[in-house]
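Input: a single structure, listed below in structure tokens.
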Amino acid sequence: MEHPIKLTVNGQAWEGSVLPDLTLLRFVRETLALTGTKEGCGIGECGACTVLLDGRPVNACMVLAVEADGCALRTIEGEAKAGKLSRLQQAFVAHHAVQCGFCTPGVIMSAQALLERAPAPSDEAIVEAVAGNLCRCTGYASILKAVRSCTPHGRTGGER
Amino acid sequence: MSRLHQYVGGEHLRQDAPDKVTGEAIYVGDMAFPGMLWGRFKSSPIASGRILRIDTARARALPGVRAVLTGEELDHQLGLYMADKRILARGVVRYQGDPVAAVAAESEAMASEACNLIEVEYEPLPAVLDVEQAIEPGAPLVHPDLGSYRYMKGVFHPQPGSNVAHHQKIRRGDLEKGFAEAHRVFETSFWNPAVPHVPLETHVVIARALSGDRVDLWTAAQSPFTVRHLMAAGFGIPHNNIRVRIPYVGGGFGGKAGINLEPLATMLSKATGGRPVKIVATREEEFNTLPSRQGLKSRIKAGVTREGKLTALEVRYLWDAGAHADYGVNIGRAAATAGAGPYFVPAVKVDSLVVYTNKVFGTAFRGFGHLEVLWGIERNLDMMAHALGIDPFEMRQRNFLTPGEPTITGEIFTANHGRPDLCLKTVADAIGWSERPREDHPPKRPAPIGGKRRGYGIASLHKSPAMPVYTSCSCILKFNEDASVNLLISGVDYGQGTYTALAGIAAQELSIPVEKVHVTWDCDTATQPYDWQTVASRFAVMGGNAVIAAARDCLDQLKAVAAQVLHAPVEDLVCENEEVYVRKDPGARLHYRQLVIGYSFPNGSSIGGPVIGRGRYIAQGLTHLDPETGQGRNALNWTYGAHGVVIEVDTETGDIDVLKIASCMDAGKVLHLAAARTQVEGGVIQGLGSALIEGFKFDESGRLLNPSFVDFKIPTAKDLPREASQHFIETPQLDGPHGARGIGEHPMIAIPSAIGNAIYDALGIQIHELPLNAERVFLALKHAQPNDAARP
Amino acid sequence: MQSFSYEKPGSTAAIVARLAEAGGTARLLAGGTDLIGQIRSRLVKPSLVLDLKGARELALLGADASGLSIGAAVILNRLLEERAVSEGPYRALTQAVSELASYNIRNRATLVGNVTNASPCADSVPPLVVLDARAEIAGPSGTRELPVLELISGVRETRLGPGELVTRIRVPAPAPGTWSGFLKRKRVRGHDLALANVALLRDPERGRLRMSVGSCNPVPVLLDLDAMFARPEVERAVALALERVRPIDDVRASIEYRREMVAVMVRRLFAEAPRS
């Protein structure tokens with residue numbers, strides 16, 4: 001049986017029905033056709049499917065779409081506004097923190113949520129926030145630099 | 001010479017970054033077509049067995065199922081170097097994870113359900129899981145029909161009737177004399193487990209089998225033209241009937257070289273009358289069914305003089321190819337040519353055997369066997385140095401190849417080859433090698449358990465591209481109306497940053513802003529020029545040369561038209577900052593815009609036409625290796641490098657904290673500084689994964705025990721060294737673009753060796769197996785304690 | 001994933017009622033980080049999934065002088081965000097929670113889920129055991145309480161009866177001056193399951209010294225070390241722990257290494273614990 005759900009997707013209202021066994025990840029990728037969110041493992045271990053649910057980063061493969069009823073959902077597609085990259089997205093570009101790019105949307109969503117809940121995070125907090133997002137290309141150094149550059153102490157912060 | 005538009009060695013932004021940070025980048029998994037079906041496969045639960053019966057009736061009866069295939073219906077034998085692979089297992093299964101049947105259905109869930117309904121009955125056969133057992137006479141044969149397989153003749157030497165898919169021999173000098181002249185002879189063995197690539201994007205493909213034996217493919221692959229070629233060869237259809245498109249790829253590391261799921265998706269599509277079929281490997285299938293890095297057992301016998309000069313080296317490499325050695329044979333060949341390290345050794349005997357076993361099979365993996373062989377060679381060198389009382393740094397310096405000396409395959413090392421010595425010195429200086437604590441380091445006896453101990457380690461590395469001698473590459477540069485340029489090339493940038501570097505080369509050559517060079521990301525064999533494969537760290541070098549040639553072709557065309565307009569000889573024209581002008585009369589100038597689609601005179605008559613530059617490059621002067629001696633020239637170039645590490649070991653737990661890691665590569669010329677630096681950053685962490693964490697584990701029946709992220713761990717952002725530095729030496733490669741050499745794979749090579757050497761410096765124990773995880777290190781230290789027996 | 005029906009009752013009572021009606025084929029969904037994986041891999045095949053998050057009372061996290069009350073729908077990160085929890089005597093619990101999975105998973109996973117899933121390597125259980133935590137259970141015949149240690153009966157088995165669910169975990173406020181600590185061994189510094197984990201609690205007011213070792217036996221081991229409270233003997237505590245633990249050899253670690261690491265963690269916690 002389908003369940004009616006209502007939520008906002010990147011600020012816009014969405015209403016429709018979903019089957020209970022549809023994961024939030026498939027809902028985002030297939031129902032909403034927002035394919036920026038990736039599937040890397042399907043078991044909550046890699047973070048490639050990170051989206052924000054009411055501001056909290058979650059692995060969309062471990063959430064049912066029906067659970068998003070009444071929530072504010074944010075995906076990578078909502079981060080650039082009117083064609084302009086967010087500050088964090090710009091930092092990823094500037095710091096060459098992107099290689100194959102498959103983990104990138106998830107990492108950005110995890111880091112963006114951190115910057116919103118703690119505008120001046122410590123290096124340790126940055127690492128904690130993105131450590132659930134596996135990346136096989138960058139070795140993380142450039143990612144951490146990019147996130148750090150978006151904090152008030154970013155310019156003076158020491159290397160980890 | 002103008003300093004405008006100088007990009008080589010610069011840090012201009014990656015062209016793919018905006019697409020990737022916004023989620024706009026489209027990968028194959030993001031694509032869908034009208035009428036598309038989902039393909040899934042069922043794989044073998046056992047390592048070796050005869051297929052007695054496959055019952056697909058229930059699967060076929062399931063609503064939504066459009067096709068079911070088994071190996072019986074697919075009589076194709078596929079492969080690049082050694083055609084030893086079936087699309088689906090036929091008659092027998094050779095590893096746990098071997099696909100035996102496949103389904104195409106209206107949804108992924110239906111396809112999965114149908115796979116569950118397929119019943120397969122097996123008669124278990126003896127499995128051979130260990131390479132040493134596999135080469136024993138009488139061992140069960142993984143491929144009894146090896147003698148009938150197609151393979152690349154003259155390069156590989158399979159031994160029918162055995163499990164040996166290839167035997168690479170290297171013979172040079174008088175071995176007996178070498179050992180006789182040695183002051184001491186050391187014999188040691190080492191072991192590497194199989195390790196998977198773990199790209200974040202699993203293998204994914206969409207295939208359409210069209211009428212008239214035509215095939216359209218969209219695939220996450222490293223090499224569009226090799227996919228096309230292997231499909232053409234495997235199915236016996238013309239190359240032009242196959243169109244391969246490769247959009248953004250989510251990491252490869254070698255695992256997406258050659259072909260993988262493309263033939264299966266094609267046959268499923270064919271069985272459904274040509275509907276598009278998409279197969280996305282699950283993460284478990286990525287571990288369990290798709291190929292990984294081969295395991296390796298090395299046995300090294302080395303003779304050295306009192307002063308630490310190598311006199312002779314006898315090595316046996318046993319590669320654990322798993323069930324298929326299509327790519328593995330080339331690893332056994334290529335890594336053998338580097339199998340003595342970057343040293344001069346007067347007498348060498350290398351036997352590199354690529355051995356079939358009943359396990360998930362091996363393929364190319366960043367480093368192509370070199371991480372594995374140098375795990376032994378670079379550890380052994382340290383062991384000999386310590387035994388002789390020679391500093392490991394000094395030991396290496398005494399043995400490095402110097403100009404005029406031959407490599408083990410007989411290539412003469414020259415001053416232009418690069419500076420292994422300087423790479424090592426650079427990392428040694430960066431970690432403070434000469435000031436390291438010597439008191440009790442390495443300890444004479446195994447360090448007692450209690451507290452933390454520091455250790456310093458160094459290791460050298462080298463690698464040349466492993467590729468056919470005729471490997472070639474081509475490039476098209478086409479100008480747009482606004483004098484911007486599209487760069488078409490068919491190496492694939494699946495994250496390395498090569499395209500961005502090539503854009504810089506093109507812009508510099510054409511003297512235009514790099515922002516005006518757009519590399520066409522989606523590769524398409526129907527529209528883009530030929531390239532062999534995006535592997536072997538050869539793309540920046542060969543692609544760079546092709547780009548330069550194409551740019552010069554464009555400049556020639558621009559000048560030819562400008563010469564007529566400006567009434568000046570071509571040789572007096574200068575191309576600079578998007579303009580062509582006459583050297584002695586700079587007022588006479590034309591903007592590229594006026595020329596790139598043809599020049600119109602004021603009266604309307606026009607000359608020229610669209611400017612399209614063509615460039616190509618082919619490896620030159622390479623030869624096959626002699627089958628008996630391995631002598632020949634197979635290296636396009638050699639990239640040398642070194643790593644130095646400082647670690648702290650917790651002796652109570654075995655935990656290793658990497659305090660410092662310094663890496664240096666002789667890049668010839670750094671083509672793009674940020675790309676080079678981030679390649680090294682990422683490769684070093686991948687190397688640390690191999691050093692400290694990663695390795696497949698199998699049970700005694702051959703079942704893979706860690707086929708998921710729950711039990712197969714890779715480094716996370718918490719698992720980084722405290723400090724990492726990247727250094728580059730630039731000894732120009734004479735035939736490299738701007739003197740460049742490849743550095744894509746090298747950062748991960750020899751990382752385990754440096755860590756292993758540092759563990760000895762810290763603890764006084766020698767560990768011969770990877771990975772150097774906390775448990776292995778702790779238990780090795782514990783069992784080396786004099787009073788070990790008394791412990792729990 | 002195979003299909004199931006989904007309901008989100010508005011109260012604990014309604015959940016209990018639906019659970020009773022559905023018999024054994026219903027599963028409870030709190031964070032879903034275990035359940036969705038189990039459904040995906042066909043370990044469980046529920047016909048009905050009951051979402052606990054509709055019951056407002058289950059989302060409550062209480063922290064006052066009497067202790068903590070952690071509802072079944074309270075996500076793990078909320079425990080870390082609550083100052084009253086993350087500092088002071090509950091420290092072992094928050095240390096365990098902060099090492100449990102990744103940050104993003106902890107935005108869905110719940111403490112009650114970690115406990116009732118009854119995995120031998122659940123990180124939150126040893127701290128809850130030394131903190132005398134109790135599970136509040138609602139069921140067809142009313143509510144009852146069980147100490148967390150008694151709730152878990154084996155590998156993925158609990159003593160919950162048909163139609164029962166754990167509605168909250170109550171952690172009584174430790175006596176003033178109580179110290180607790182937690183250590184975990186895993187294969188990487190990033191998110192990973194425990195090879196072994198140990199919690200230690202020292203309560204000077206009641207003279208208590210309690211230790212719990214997890215990820216070795218089907219159910220975490222509790223050691224009452226009150227007798228050595230005045231004069232802690234670390235090696236004796238190690239010996240007692242090693243006498244009780246029965247780790248297995250598996251893909252994650254060997255018996256030998258697990259035993260050694262239990263000993264190391266016990267020693268380190270003793271060294272860290274205040275003397276007076």
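Here, A, B, ... name the chains of the structure tokens in the order displayed, residue numbers run from 1 inside each chain, and ligands are numbered from 1 in the same displayed order.
Within chain A, DSSP run on the backbone puts these residues in strand (DSSP E or B): A:His3, A:Pro4, A:Ile5, A:Lys6, A:Leu7, A:Thr8, A:Val9, A:Gln12, A:Ala13, A:Trp14, A:Glu15, A:Gly16, A:Ser17, A:Val18, A:Thr23, A:Thr50, A:Val51, A:Leu52, A:Leu53, A:Arg56, A:Pro57, A:Val58, A:Asn59, A:Leu64, A:Ala72, A:Leu73, A:Arg74, A:Lys81, A:Lys84.
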Mind dumping a table of every chain C residue within 12 Å of chain B, with the nearest atom pair and its distance in Å to one decimal, using only C-alpha atoms, sorted by chain and rising number, as JSON lines?
{"residue": "C:Met1", "atom": "CA", "partner": "B:Ala109", "partner_atom": "CA", "distance": 6.9}
{"residue": "C:Gln2", "atom": "CA", "partner": "B:Ala109", "partner_atom": "CA", "distance": 7.8}
{"residue": "C:Ser3", "atom": "CA", "partner": "B:Ala109", "partner_atom": "CA", "distance": 10.0}
{"residue": "C:Gly37", "atom": "CA", "partner": "B:Val710", "partner_atom": "CA", "distance": 11.4}
{"residue": "C:Arg40", "atom": "CA", "partner": "B:Ala109", "partner_atom": "CA", "distance": 10.8}
{"residue": "C:Ser41", "atom": "CA", "partner": "B:Glu284", "partner_atom": "CA", "distance": 11.0}
{"residue": "C:Arg42", "atom": "CA", "partner": "B:Asn116", "partner_atom": "CA", "distance": 11.2}
{"residue": "C:Glu99", "atom": "CA", "partner": "B:Lys718", "partner_atom": "CA", "distance": 11.8}
{"residue": "C:Ala101", "atom": "CA", "partner": "B:Val710", "partner_atom": "CA", "distance": 10.5}
{"residue": "C:Ser102", "atom": "CA", "partner": "B:Thr716", "partner_atom": "CA", "distance": 10.5}
{"residue": "C:Lys184", "atom": "CA", "partner": "B:Thr653", "partner_atom": "CA", "distance": 11.7}
{"residue": "C:Arg185", "atom": "CA", "partner": "B:Thr653", "partner_atom": "CA", "distance": 9.0}
{"residue": "C:Lys186", "atom": "CA", "partner": "B:Ala774", "partner_atom": "CA", "distance": 9.3}
{"residue": "C:Arg187", "atom": "CA", "partner": "B:Ile693", "partner_atom": "CA", "distance": 7.4}
{"residue": "C:Val188", "atom": "CA", "partner": "B:Asp719", "partner_atom": "CA", "distance": 6.8}
{"residue": "C:Arg189", "atom": "CA", "partner": "B:Lys718", "partner_atom": "CA", "distance": 5.6}
{"residue": "C:Gly190", "atom": "CA", "partner": "B:Lys718", "partner_atom": "CA", "distance": 5.4}
{"residue": "C:His191", "atom": "CA", "partner": "B:Thr716", "partner_atom": "CA", "distance": 8.1}
{"residue": "C:Asp192", "atom": "CA", "partner": "B:Val710", "partner_atom": "CA", "distance": 7.2}
{"residue": "C:Leu193", "atom": "CA", "partner": "B:Val710", "partner_atom": "CA", "distance": 7.8}
{"residue": "C:Ala194", "atom": "CA", "partner": "B:Asp711", "partner_atom": "CA", "distance": 11.2}
{"residue": "C:Leu195", "atom": "CA", "partner": "B:Glu775", "partner_atom": "CA", "distance": 10.6}
{"residue": "C:Val238", "atom": "CA", "partner": "B:Pro792", "partner_atom": "CA", "distance": 11.2}
{"residue": "C:Ala239", "atom": "CA", "partner": "B:Pro792", "partner_atom": "CA", "distance": 9.9}
{"residue": "C:Leu242", "atom": "CA", "partner": "B:Pro792", "partner_atom": "CA", "distance": 9.0}
{"residue": "C:Glu243", "atom": "CA", "partner": "B:Pro792", "partner_atom": "CA", "distance": 10.9}
{"residue": "C:Asp249", "atom": "CA", "partner": "B:Asp699", "partner_atom": "CA", "distance": 11.9}
{"residue": "C:Asp250", "atom": "CA", "partner": "B:Leu705", "partner_atom": "CA", "distance": 8.9}
{"residue": "C:Val251", "atom": "CA", "partner": "B:Leu705", "partner_atom": "CA", "distance": 6.4}
{"residue": "C:Arg252", "atom": "CA", "partner": "B:Asp711", "partner_atom": "CA", "distance": 7.0}
{"residue": "C:Ala253", "atom": "CA", "partner": "B:Glu775", "partner_atom": "CA", "distance": 7.3}
{"residue": "C:Ser254", "atom": "CA", "partner": "B:Glu775", "partner_atom": "CA", "distance": 8.3}
{"residue": "C:Ile255", "atom": "CA", "partner": "B:Pro792", "partner_atom": "CA", "distance": 10.6}
{"residue": "C:Glu256", "atom": "CA", "partner": "B:Pro792", "partner_atom": "CA", "distance": 7.8}
{"residue": "C:Tyr257", "atom": "CA", "partner": "B:Glu775", "partner_atom": "CA", "distance": 6.3}
{"residue": "C:Arg258", "atom": "CA", "partner": "B:Glu775", "partner_atom": "CA", "distance": 8.9}
{"residue": "C:Arg259", "atom": "CA", "partner": "B:Pro792", "partner_atom": "CA", "distance": 8.0}
{"residue": "C:Glu260", "atom": "CA", "partner": "B:Pro792", "partner_atom": "CA", "distance": 7.7}
{"residue": "C:Met261", "atom": "CA", "partner": "B:Thr653", "partner_atom": "CA", "distance": 6.7}
{"residue": "C:Val262", "atom": "CA", "partner": "B:Thr653", "partner_atom": "CA", "distance": 10.3}
{"residue": "C:Ala263", "atom": "CA", "partner": "B:Glu652", "partner_atom": "CA", "distance": 9.7}
{"residue": "C:Val264", "atom": "CA", "partner": "B:Glu652", "partner_atom": "CA", "distance": 6.8}
{"residue": "C:Met265", "atom": "CA", "partner": "B:Thr653", "partner_atom": "CA", "distance": 9.5}
{"residue": "C:Arg267", "atom": "CA", "partner": "B:Glu652", "partner_atom": "CA", "distance": 10.5}
{"residue": "C:Arg268", "atom": "CA", "partner": "B:Glu652", "partner_atom": "CA", "distance": 10.4}
Residues of chain A within 7 Å of chain C, counting only C-alpha atoms, as a list in words: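 Taking only C-alpha atoms into account, Met1, Pro20, Asp21, Ile43, Arg56, Pro57, Val58, Asn59, Met62, Val63, Glu128, Ala129, Ala131 and Gly132 of chain A sit within 7 Å of chain C.
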Since we have the selection now, will you write its residues out, keeping N, CA, C and O atoms, as an mmCIF file, in the first residue's frame?
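Listed below is the output, selection_29.cif:
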data_model
loop_
_atom_site.group_PDB
_atom_site.id
_atom_site.type_symbol
_atom_site.label_atom_id
_atom_site.label_comp_id
_atom_site.auth_asym_id
_atom_site.auth_seq_id
_atom_site.Cartn_x
_atom_site.Cartn_y
_atom_site.Cartn_z
ATOM 1 N N MET A 1 0.844 -1.200 0.000
ATOM 2 C CA MET A 1 0.000 0.000 0.000
ATOM 3 C C MET A 1 0.879 1.250 0.000
ATOM 4 O O MET A 1 1.854 1.332 0.728
ATOM 5 N N PRO A 20 6.121 1.549 1.163
ATOM 6 C CA PRO A 20 6.879 1.547 2.428
ATOM 7 C C PRO A 20 8.301 1.016 2.286
ATOM 8 O O PRO A 20 9.172 1.378 3.071
ATOM 9 N N ASP A 21 8.527 0.150 1.294
ATOM 10 C CA ASP A 21 9.881 -0.415 1.221
ATOM 11 C C ASP A 21 10.825 0.429 0.364
ATOM 12 O O ASP A 21 11.946 0.028 0.092
ATOM 13 N N ILE A 43 24.432 -0.025 2.622
ATOM 14 C CA ILE A 43 24.315 -0.535 3.989
ATOM 15 C C ILE A 43 24.802 0.485 5.026
ATOM 16 O O ILE A 43 25.161 0.126 6.145
ATOM 17 N N ARG A 56 19.913 17.460 9.672
ATOM 18 C CA ARG A 56 20.893 16.468 10.116
ATOM 19 C C ARG A 56 21.341 15.599 8.945
ATOM 20 O O ARG A 56 20.501 15.064 8.214
ATOM 21 N N PRO A 57 22.651 15.406 8.771
ATOM 22 C CA PRO A 57 23.114 14.509 7.706
ATOM 23 C C PRO A 57 22.782 13.057 8.046
ATOM 24 O O PRO A 57 23.028 12.612 9.175
ATOM 25 N N VAL A 58 22.202 12.362 7.102
ATOM 26 C CA VAL A 58 21.885 10.945 7.296
ATOM 27 C C VAL A 58 22.248 10.188 6.021
ATOM 28 O O VAL A 58 22.334 10.767 4.945
ATOM 29 N N ASN A 59 22.461 8.889 6.190
ATOM 30 C CA ASN A 59 22.705 8.032 5.030
ATOM 31 C C ASN A 59 21.344 7.640 4.470
ATOM 32 O O ASN A 59 20.601 6.882 5.098
ATOM 33 N N MET A 62 19.717 4.177 4.497
ATOM 34 C CA MET A 62 19.302 3.582 5.766
ATOM 35 C C MET A 62 18.046 4.255 6.315
ATOM 36 O O MET A 62 17.765 4.175 7.509
ATOM 37 N N VAL A 63 17.324 4.942 5.456
ATOM 38 C CA VAL A 63 16.103 5.627 5.862
ATOM 39 C C VAL A 63 15.032 5.218 4.853
ATOM 40 O O VAL A 63 15.321 5.068 3.668
ATOM 41 N N GLU A 128 35.541 14.364 12.454
ATOM 42 C CA GLU A 128 34.422 13.555 12.944
ATOM 43 C C GLU A 128 33.230 13.649 11.984
ATOM 44 O O GLU A 128 32.555 12.656 11.703
ATOM 45 N N ALA A 129 32.999 14.848 11.475
ATOM 46 C CA ALA A 129 31.820 15.060 10.627
ATOM 47 C C ALA A 129 31.931 14.347 9.284
ATOM 48 O O ALA A 129 30.924 13.920 8.729
ATOM 49 N N ALA A 131 34.185 11.722 8.597
ATOM 50 C CA ALA A 131 34.842 10.402 8.639
ATOM 51 C C ALA A 131 33.907 9.272 8.205
ATOM 52 O O ALA A 131 34.368 8.196 7.846
ATOM 53 N N GLY A 132 32.611 9.520 8.216
ATOM 54 C CA GLY A 132 31.679 8.489 7.744
ATOM 55 C C GLY A 132 31.525 8.478 6.240
ATOM 56 O O GLY A 132 30.819 7.643 5.702
#
For chain A, report every residue with an atom at most 6 Å from chain B (counting only C-alpha atoms), formatted as a tab-separated table (two decimals) with all heavy atoms, in the first residue's frame.
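What landed in iface_22.tsv:
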chain	number	residue	atom	x	y	z
A	35	THR	N	19.88	12.83	-9.04
A	35	THR	CA	20.88	11.77	-9.07
A	35	THR	C	22.24	12.20	-8.53
A	35	THR	O	23.19	11.42	-8.58
A	35	THR	CB	21.06	11.24	-10.51
A	35	THR	OG1	21.41	12.35	-11.35
A	35	THR	CG2	19.80	10.59	-11.03
A	36	GLY	N	22.32	13.42	-8.01
A	36	GLY	CA	23.59	13.84	-7.40
A	36	GLY	C	23.93	13.01	-6.18
A	36	GLY	O	25.10	12.80	-5.86
A	40	GLY	N	26.82	4.02	-2.73
A	40	GLY	CA	28.14	3.39	-2.74
A	40	GLY	C	28.15	2.02	-2.11
A	40	GLY	O	29.02	1.21	-2.38
A	41	CYS	N	27.17	1.75	-1.21
A	41	CYS	CA	27.18	0.44	-0.57
A	41	CYS	C	25.80	-0.07	-0.21
A	41	CYS	O	25.57	-1.26	-0.14
A	41	CYS	CB	28.07	0.45	0.68
A	41	CYS	SG	27.42	1.40	2.07
A	76	ILE	N	22.29	17.54	-2.59
A	76	ILE	CA	23.37	18.33	-3.18
A	76	ILE	C	22.85	19.31	-4.22
A	76	ILE	O	23.39	20.40	-4.38
A	76	ILE	CB	24.45	17.39	-3.78
A	76	ILE	CG1	25.70	18.17	-4.21
A	76	ILE	CG2	23.90	16.59	-4.97
A	76	ILE	CD1	26.49	18.75	-3.09
A	77	GLU	N	21.76	18.95	-4.88
A	77	GLU	CA	21.24	19.82	-5.94
A	77	GLU	C	20.76	21.16	-5.41
A	77	GLU	O	20.63	22.13	-6.17
A	77	GLU	CB	20.10	19.13	-6.69
A	77	GLU	CG	20.54	18.03	-7.64
A	77	GLU	CD	20.71	16.66	-6.97
A	77	GLU	OE1	20.60	16.60	-5.72
A	77	GLU	OE2	20.94	15.67	-7.68
A	89	GLN	N	31.10	24.62	-1.66
A	89	GLN	CA	31.35	24.06	-3.00
A	89	GLN	C	32.51	24.78	-3.67
A	89	GLN	O	33.37	24.15	-4.30
A	89	GLN	CB	30.08	24.18	-3.86
A	89	GLN	CG	28.97	23.22	-3.43
A	89	GLN	CD	27.68	23.46	-4.17
A	89	GLN	OE1	27.28	24.60	-4.36
A	89	GLN	NE2	27.01	22.40	-4.58
A	93	VAL	N	36.23	23.28	-5.01
A	93	VAL	CA	36.84	23.54	-6.32
A	93	VAL	C	38.24	24.15	-6.12
A	93	VAL	O	39.22	23.69	-6.70
A	93	VAL	CB	35.96	24.48	-7.17
A	93	VAL	CG1	36.65	24.81	-8.49
A	93	VAL	CG2	34.59	23.84	-7.42
A	99	GLN	N	38.19	14.38	-6.88
A	99	GLN	CA	38.85	13.60	-7.94
A	99	GLN	C	37.77	12.88	-8.75
A	99	GLN	O	37.19	13.50	-9.64
A	99	GLN	CB	39.94	12.69	-7.36
A	99	GLN	CG	41.16	13.53	-6.93
A	99	GLN	CD	42.39	12.72	-6.54
A	99	GLN	OE1	42.62	11.64	-7.05
A	99	GLN	NE2	43.19	13.26	-5.64
A	100	CYS	N	37.45	11.64	-8.41
A	100	CYS	CA	36.43	11.00	-9.26
A	100	CYS	C	35.07	11.63	-9.03
A	100	CYS	O	34.20	11.57	-9.90
A	100	CYS	CB	36.38	9.49	-9.03
A	100	CYS	SG	35.38	8.94	-7.64
A	101	GLY	N	34.86	12.21	-7.87
A	101	GLY	CA	33.64	12.96	-7.62
A	101	GLY	C	32.47	12.16	-7.09
A	101	GLY	O	31.43	12.73	-6.78
A	102	PHE	N	32.64	10.86	-6.95
A	102	PHE	CA	31.49	10.04	-6.56
A	102	PHE	C	31.13	10.23	-5.09
A	102	PHE	O	29.96	10.18	-4.72
A	102	PHE	CB	31.80	8.56	-6.85
A	102	PHE	CG	30.57	7.73	-7.09
A	102	PHE	CD1	29.90	7.80	-8.31
A	102	PHE	CD2	30.07	6.89	-6.11
A	102	PHE	CE1	28.76	7.03	-8.54
A	102	PHE	CE2	28.94	6.12	-6.34
A	102	PHE	CZ	28.28	6.19	-7.56
A	127	VAL	N	36.93	16.41	11.14
A	127	VAL	CA	37.24	15.01	10.84
A	127	VAL	C	36.07	14.12	11.27
A	127	VAL	O	35.63	13.23	10.52
A	127	VAL	CB	38.55	14.58	11.54
A	127	VAL	CG1	38.73	13.08	11.45
A	127	VAL	CG2	39.74	15.29	10.91
A	131	ALA	N	34.18	11.72	8.60
A	131	ALA	CA	34.84	10.40	8.64
A	131	ALA	C	33.91	9.27	8.21
A	131	ALA	O	34.37	8.20	7.85
A	131	ALA	CB	35.41	10.12	10.02
A	134	LEU	N	33.36	7.74	2.99
A	134	LEU	CA	34.57	7.15	2.44
A	134	LEU	C	34.94	7.82	1.12
A	134	LEU	O	34.08	8.13	0.31
A	134	LEU	CB	34.37	5.65	2.20
A	134	LEU	CG	34.04	4.80	3.43
A	134	LEU	CD1	33.90	3.34	3.03
A	134	LEU	CD2	35.11	4.96	4.51
A	137	CYS	N	39.90	8.36	-3.45
A	137	CYS	CA	40.82	9.08	-4.35
A	137	CYS	C	41.70	10.09	-3.64
A	137	CYS	O	42.90	10.14	-3.86
A	137	CYS	CB	40.04	9.84	-5.42
A	137	CYS	SG	39.03	8.86	-6.52
A	138	THR	N	41.10	10.95	-2.86
A	138	THR	CA	41.82	12.16	-2.43
A	138	THR	C	42.74	11.94	-1.25
A	138	THR	O	43.63	12.77	-1.01
A	138	THR	CB	40.84	13.27	-2.00
A	138	THR	OG1	40.13	12.83	-0.84
A	138	THR	CG2	39.85	13.60	-3.09
A	139	GLY	N	42.51	10.88	-0.48
A	139	GLY	CA	43.27	10.77	0.76
A	139	GLY	C	42.83	11.79	1.79
A	139	GLY	O	43.50	12.00	2.80
A	140	TYR	N	41.71	12.45	1.52
A	140	TYR	CA	41.03	13.35	2.46
A	140	TYR	C	41.72	14.69	2.74
A	140	TYR	O	41.08	15.62	3.21
A	140	TYR	CB	40.74	12.67	3.81
A	140	TYR	CG	40.00	11.36	3.70
A	140	TYR	CD1	40.67	10.14	3.82
A	140	TYR	CD2	38.65	11.32	3.44
A	140	TYR	CE1	40.00	8.92	3.71
A	140	TYR	CE2	37.96	10.11	3.32
A	140	TYR	CZ	38.64	8.91	3.47
A	140	TYR	OH	37.98	7.72	3.36
A	160	ARG	N	46.66	19.54	9.62
A	160	ARG	CA	46.48	18.38	10.48
A	160	ARG	C	47.59	17.39	10.23
A	160	ARG	O	47.96	17.17	9.11
A	160	ARG	CB	45.16	17.69	10.19
A	160	ARG	CG	44.79	16.67	11.25
A	160	ARG	CD	43.72	15.76	10.73
A	160	ARG	NE	44.20	14.38	10.71
A	160	ARG	CZ	44.08	13.53	11.69
A	160	ARG	NH1	43.52	13.89	12.80
A	160	ARG	NH2	44.54	12.29	11.60
So how many Å separate CA of Val304 (chain B) and CA of Arg436 (chain B), to one decimal?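 Between CA of Val304 (chain B) and CA of Arg436 (chain B) the gap works out to 25.7 Å.
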Which residues come within 9 Å of region 33-37 of chain B, counting only C-alpha atoms, excluding same-chain residues fewer than 3 positions away, as a list in words? Arg66, Ala104, Ala105, Glu106, Ser107, Glu108, Ala111, Ile206, Ser269, Arg275, Pro276, Val277, Lys278 and Ile279 of chain B
Quick one, how far is CA of Glu405 (chain B) from CA of Pro342 (chain B)? 11.2 Å
